[in-house]
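Trainee: The structure under discussion is supplied below as structure tokens; questions concerning it will follow.
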Amino acid sequence: MHLHLVDDARTHAAARQLTHYSSLREKTFEHLFLSQLGLELLARGVDFDVLHAEVDRHGYDVVIDADGIVRHIQLKVTNVGGARSDVSVNTKLANKPSGCIVWLIFDPATRSFSGIRWFGNRPGQPLPDTGLKIARHSRANADGVKGERPDHRVLAGSRFDRLEDIGHLADRLFGIMPDSQQAFLWSRLHADQPLAFSWMQELLDGDTRAIPEDVSWDNGGAALGRLLPGYRMLELISDEQPDTFLERQREGWRAAGAWPGDAITLWTTLFLETRADHVGANDTPTGVPHLDQLCRQLRSALIELANTDA
């Protein structure tokens, strides 16, 4: 009997230790996630606040308010190379505004997240339907039966979108902030290859007037379009496929003699024109007036945006 009590004490102590390390692990991952996302929002000039759930009974782990857009987020973390193909989600998350699930893949070798998966909707929209498969407890009862968890559903990994990086996640979480469009745009610009024109570095540094007044498709315009991750930008401004969006923009130009849209829309359009040209989908030669006009309109829109945000 005495040995049995000792064994019970050891078992409970080990269980408490595992619970402690599990909670510590979860909090560490949460802090790592929030630090990376926070740096991304700061780069975009976005004011934000973070609130934490004391318990997980309501389906979320953390709440982020970014310029009035509130996201209730349920976090899931698994190690890279793990065999897990689904996660359990709390259906109460659907009762929260803009509820969503972020599934992070952690790489112990680099101590960083190597993958990001997303399940959610646009800001202001509720959590998508989680399905009907009821989750079960991870531990069995005395009869060896794993009881059902009525408020939890099993969500397959195939339901999640795989995102490229933390910036892509910030796009999905908060979209384009109306009060910081220039900061948002500049946080997304990239130059994977040497810059084709010297003025482009000044542009990347924030000087929109560095774009030459005589910019055209052949004189820097096409290279300008390639600075923007246009496919990801398109996700934020339209539900259309790239070809459909681009054709609608072209129809706008043909109808009015000017390209429709603000700076973000025009830059996305210019990017898609560069992609169409790259694959030979343009039905007109390069360097024609409508593309030159698109470049000039974009320059004017960017300068106006910079003046507005100043």
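If you're wondering about the labels, chains in the structure tokens are A, B, ... by order shown, residues count from 1 in each chain, ligands from 1 in order shown.
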Would you kindly return, as a PyMOL selection string, each protein, DNA or RNA residue with an atom no farther than 9 Å from any atom of segment 33-38 of chain A, considering only C-alpha atoms and excluding same-chain residues fewer than 6 positions away?

Mentor: chain A and resi 48+50+104+113+166-167+169-170

Trainee: Using only C-alpha atoms, which of the listed residues (A:Arg25, A:Arg299, A:Arg159, A:His168) sits closest to Gly220 of chain A?

Mentor: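 So, comparing all the options, the nearest one is A:Arg299.
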
Trainee: Env of Arg254 of chain A: 9 Å cut, atoms = only C-alpha atoms, seq-sep filter 5 positions within chain, self excluded. Answer as a PyMOL selection string.

Mentor: chain A and resi 249+259+290

Trainee: Please, which residues of segment 12-168 of chain A, numbered as in this document, come out strand (DSSP E) from DSSP, as JSON, numbers by chain?

Mentor: {"A": [48, 49, 50, 51, 52, 62, 63, 64, 65, 66, 69, 70, 71, 72, 73, 74, 75, 76, 77, 78, 79, 86, 87, 88, 89, 90, 100, 101, 102, 103, 104, 105, 106, 107, 112, 113, 114, 115, 116, 117, 118, 119, 134, 135, 136, 148, 149, 150, 151, 152, 153, 154, 155, 156, 161, 162, 163]}

Trainee: Leaving out segment 115-123 of chain A and any residue of its chain fewer than 2 positions from it, which residues lie within 10 Å of it when counting only C-alpha atoms, given as a PyMOL selection string?

Mentor: chain A and resi 69-71+73-74+76-80+94+97-107+112-113+125-130+155+157-166+168-169+171-175+236

Trainee: What does the structure give for the distance between atom CA of Tyr60 of chain A and atom CA of Ala43 of chain A, in Å to one decimal?

Mentor: 25.7 Å

Trainee: Just checking: using only C-alpha atoms, which residue out of A:Leu51, A:Met233, A:Val63, A:Val154 ends up closest to Asn90 of chain A?

Mentor: A:Val154

Trainee: Name the residues in contact with Asp47 of chain A at a cut-off of 10 Å, using only C-alpha atoms, excluding same-chain residues fewer than 3 positions from it; report them as a PyMOL selection string.

Mentor: chain A and resi 38+41-42+44+65-68+180

Trainee: Hey, can you spit out that residue selection with C-alpha atoms as a tab-separated table (two decimals), in the first residue's frame?

Mentor:
chain	number	residue	atom	x	y	z
A	38	GLY	CA	3.86	42.81	-33.95
A	41	LEU	CA	2.29	45.59	-37.96
A	42	LEU	CA	4.79	48.19	-36.74
A	44	ARG	CA	3.02	48.95	-41.65
A	65	ASP	CA	-7.12	44.86	-32.11
A	66	ALA	CA	-5.34	46.56	-35.01
A	67	ASP	CA	-6.74	49.98	-35.85
A	68	GLY	CA	-10.24	48.84	-34.91
A	180	SER	CA	-1.69	53.55	-43.46

Trainee: Using only C-alpha atoms, which residue out of A:Glu251, A:Ala109, A:His152, A:Glu26 lies closest to Gly81 of chain A?

Mentor: A:Ala109

Trainee: Interatomic distance between atom CA of Gln241 of chain A and atom CA of Ser187 of chain A?

Mentor: 23.9 Å

Trainee: So the first atom is atom CA of Gly257 of chain A and the second is atom CA of Leu298 of chain A; what is the distance between them in Å, to one decimal place?

Mentor: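 Those two atoms sit 14.6 Å apart.
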
Trainee: From the options A:Ala191, A:Ala306, A:Leu272, A:Ala210, which residue's atoms come nearest to Asp243 of chain A, counting only C-alpha atoms?

Mentor: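 Comparing A:Ala191, A:Ala306, A:Leu272, A:Ala210 against Asp243 of chain A, the winner is A:Leu272.
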
Trainee: Could you check which of A:Asp207, A:Asp218, A:Asp151, A:Glu213 is closest to Thr274 of chain A, using only C-alpha atoms?

Mentor: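 Looking only at the distances to Thr274 of chain A, the closest residue turns out to be A:Asp218.
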
Trainee: Of the candidates A:Leu270, A:Val87, A:Ile237, A:Ala301, which one gets nearest to Ile134 of chain A if we count only C-alpha atoms?

Mentor: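 Closest to Ile134 of chain A of all the choices is A:Val87.
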
Trainee: Set the distance at 10 Å and use only C-alpha atoms: which residues neighbour Thr208 of chain A once local chain neighbours fewer than 5 positions away are removed? I'd like the list as a VMD selection string.

Mentor: chain A and resid 199 to 200 202 to 203 299 to 307

Trainee: Quick one: DSSP helix (DSSP H, G or I) residues in segment 26-240 of chain A, as a PyMOL selection string?

Mentor: chain A and resi 26-43+91-95+157-159+166-174+178-188+199-204+208-210+221-225+230-237
